[in-house]
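Encoded as structure tokens, the structure appears first; notes follow it.
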Amino acid sequence: MKYISTRGDRTERGFSEILLEGLAPDGGLYLPVAYPRIDDATLTRWRGLRYADLAFEILSLYIDDIPADDLRRLVDKTYTREVFGTEAITPLKPLQPGLCLEALSNGPTLAFKDMAMQLLGNLFEYELGRRGEELNILGATSGDTGSAAEYAMRGKQGVRVFMLSPHGRMSPFQQAQMFSLQDPNIHNLAVQGVFDDCQDIVKAVSNDLAFKRRYKIGTVNSINWARLLAQVVYYFAGYFQATKSNAEQVSFTVPSGNFGNICAGHVARMMGLPIRQLVAATNENDVLDEFFRTGTYRVRKSAETFETSSPSMDISKASNFERFIYDLLGRDGERTRQLFKDEVEQRGAFTLTADEFARVQGFGFASGKSTHADRLQTIRQTWEQHGVMIDTHTADGVKVAREHMQPGTTMIVLETALPVKFAQTIQEALGREPERPAALVGIEDLPKRFEVMPVSAQAVKDYIAEHCAGA
Ligand SMILES: *Cc1c(COP(=O)(O)O)cnc(C)c1O
């Protein structure tokens, strides 16, 4: 399988070439030249597979430059009961007939990002070892992504992580999760500013091309194709658990921010998985809901981006959205480039033509929006009626899912985090503390390892230079 850019550059690259990359050189995102189609016999064969075996089958269709035995070993090492808590890896939890959750949050950081990031850690270590190279991952986080990256990369050969976070602004639980890591290859930099300052520093450092090259700076952000690919697997796993025969369809509702998670659902559907609808659920930051209602994609300014109680969905633009638009437009790279480069990058918005927008339905997409009041009510209702405690992001999903249920089609809501990560809102909704997995009791009391930094790209560069031996 080869990969091309969404912005018209049809240079074909292998999986291993794009694994460690972010954007394509023309500024687009990588996609496979075509989606492999899964026939009925293959679906039937996959139905009985363990999660790791299913992952191997799906990944093999997209990765032909890692020997099969090696890929199998990497996948087997990633998707284990030890790491994800159950044999099923992503078990379904029924709420009521026709509505269930798919649990994606039982990895080390209790959010769905572990599903992909844990694999990425193993793939990075493998590929860097094969090349005899090193990589320094630089990132900014306000919570979920940073901790998922650190838990995926801890102790990995050839990889260091430098993760910037706003000093004193993460929840005590999130701080404890990240700062309690004692692995020497993990560096927590607590910046004396807000999250945007952290992001600006990452941009400034990455824009210094000489520094970037010398210190082999890379990222693990959500546009990475391997992350998206790893997420395709749990759509199949969810489908097989919810159905008895391939004649049945299911729908998924996905709490969405950067459109990475739901884009994996789109890929699964393009491969032929019988998905009726893919419903994007947003919070008050409703860039995506606005698009699916109107055909206008309008990114928000910082001042228009709200801080909500489902913070991992507080986005101003959806960085993976371009992948879907490329497919929607019949893979027209010229038109995609025009929309994202000439219109979004210049004016902050585009509007599809009526003909273009009319195609959205054929791709199964729908959307809805949820607010803080909706989250509280949904958390309360799900607890009282079903005895299941859900987090704020999953609550956005359940709220929107209820508006899109159709008789005869099971609706699967992707559970993207566990409630313990968002204790304050759970308190507000239920008047009680969230449940906490036994392994995480008392993590706030563990010793913390972090370095306080001024808001200064130079200070961060100095720190990186000092901690990269031999560069
Ligand atoms: C990252 C995240 C999301 C949003 O996922 P996208 O792939 O960015 O759409 C939703 N919920 C939680 C808990 C997350 O961490």
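Just remember, in the structure tokens the first chain shown is A, the second B, etc., residues are 1-based per chain, and ligands are 1-based in the order shown.
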
As a list in words, please: the residues near range 241-247 of chain A (cut-off 10 Å, only C-alpha atoms, same-chain neighbours under 4 positions excluded).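 Contacts, in chain order: Asp40, Ala41, Leu43, Thr44, Arg47, Gly48, Ala88, Thr90, Pro91, Leu92, Pro94, Gly98, Leu99, Cys100, Glu102, Phe236, Ala237, Leu273, Pro274, Thr409, Thr410, Met411 and Ile412 of chain A.
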
Let's have the selection written as a CSV table (one decimal), in the first residue's frame, with C-alpha atoms.
chain,number,residue,atom,x,y,z
A,40,ASP,CA,-18.4,-10.8,3.0
A,41,ALA,CA,-16.3,-14.0,3.3
A,43,LEU,CA,-15.8,-10.2,7.3
A,44,THR,CA,-17.1,-13.6,8.3
A,47,ARG,CA,-15.8,-12.2,13.1
A,48,GLY,CA,-14.3,-14.7,15.5
A,88,ALA,CA,-12.1,-8.2,24.5
A,90,THR,CA,-12.8,-2.9,23.7
A,91,PRO,CA,-15.9,-4.6,25.2
A,92,LEU,CA,-19.4,-3.3,24.6
A,94,PRO,CA,-25.2,-2.2,26.9
A,98,GLY,CA,-30.4,-0.7,20.7
A,99,LEU,CA,-27.9,1.5,22.5
A,100,CYS,CA,-24.5,0.6,23.9
A,102,GLU,CA,-17.9,0.7,23.3
A,236,PHE,CA,-14.7,-3.6,13.3
A,237,ALA,CA,-14.4,-5.0,16.8
A,273,LEU,CA,-17.9,-2.4,7.2
A,274,PRO,CA,-21.8,-2.2,7.3
A,409,THR,CA,-30.0,-0.5,14.0
A,410,THR,CA,-27.8,-0.7,17.1
A,411,MET,CA,-26.2,2.6,18.0
A,412,ILE,CA,-22.7,2.3,19.5

Closest pair table for chain A residues within 8 Å of ligand 1, only C-alpha atoms and all ligand atoms, as a tab-separated table:
residue	atom	partner	partner_atom_place_in_ligand_line	distance
A:Ala111	CA	ligand 1	13 (C)	5.4
A:Phe112	CA	ligand 1	15 (O)	6.3
A:Lys113	CA	ligand 1	15 (O)	6.1
A:Asp144	CA	ligand 1	15 (O)	5.1
A:Thr145	CA	ligand 1	15 (O)	6.6
A:Ser222	CA	ligand 1	7 (O)	6.8
A:Val254	CA	ligand 1	9 (O)	7.6
A:Pro255	CA	ligand 1	10 (C)	5.1
A:Ser256	CA	ligand 1	9 (O)	3.6
A:Gly257	CA	ligand 1	9 (O)	3.6
A:Asn258	CA	ligand 1	8 (O)	3.4
A:Phe259	CA	ligand 1	9 (O)	3.7
A:Gly260	CA	ligand 1	7 (O)	3.5
A:Asn261	CA	ligand 1	7 (O)	3.8
A:Ile262	CA	ligand 1	9 (O)	6.3
A:Cys263	CA	ligand 1	7 (O)	7.8
A:Ser310	CA	ligand 1	11 (N)	7.4
A:Pro311	CA	ligand 1	12 (C)	7.9
A:Ser312	CA	ligand 1	14 (C)	4.7
A:Met313	CA	ligand 1	4 (C)	5.2
A:Ala318	CA	ligand 1	8 (O)	7.3
A:His393	CA	ligand 1	11 (N)	5.1
A:Thr394	CA	ligand 1	11 (N)	7.1
A:Glu415	CA	ligand 1	13 (C)	7.9
A:Thr416	CA	ligand 1	13 (C)	4.4
A:Ala417	CA	ligand 1	13 (C)	4.4
A:Leu418	CA	ligand 1	13 (C)	7.9

List the neighbours of Gln231 in chain A out to 7 Å using only C-alpha atoms; skip same-chain residues closer than 3 positions along the sequence, and give me the result as a PyMOL selection string. chain A and resi 115-116+227-228+234+261+264

Those same residues, written as a CSV table (one decimal), in the first residue's frame with N, CA and C atoms?
chain,number,residue,atom,x,y,z
A,115,MET,N,-5.5,3.7,22.6
A,115,MET,CA,-5.7,2.6,21.7
A,115,MET,C,-4.8,2.7,20.5
A,116,ALA,N,-4.5,4.0,20.1
A,116,ALA,CA,-3.6,4.2,18.9
A,116,ALA,C,-2.2,4.5,19.4
A,227,ARG,N,-1.8,6.5,13.7
A,227,ARG,CA,-2.8,6.6,14.8
A,227,ARG,C,-4.2,6.4,14.2
A,228,LEU,N,-4.5,7.0,13.1
A,228,LEU,CA,-5.8,6.8,12.6
A,228,LEU,C,-6.1,5.4,12.2
A,234,TYR,N,-11.1,-0.8,16.1
A,234,TYR,CA,-12.1,-1.0,17.1
A,234,TYR,C,-13.5,-0.7,16.5
A,261,ASN,N,-10.9,10.4,15.5
A,261,ASN,CA,-11.6,9.2,15.8
A,261,ASN,C,-12.6,8.8,14.8
A,264,ALA,N,-11.5,7.6,11.4
A,264,ALA,CA,-11.2,6.1,11.4
A,264,ALA,C,-12.5,5.3,11.1

Can you tell me how far CA of Glu150 in chain A sits from CA of Ile217 in chain A, in Å to one decimal? 15.5 Å

Which one of A:Asp114, A:Val279, A:Ala429, A:Glu125 sits closest to Leu74 in chain A if you count only C-alpha atoms? A:Glu125
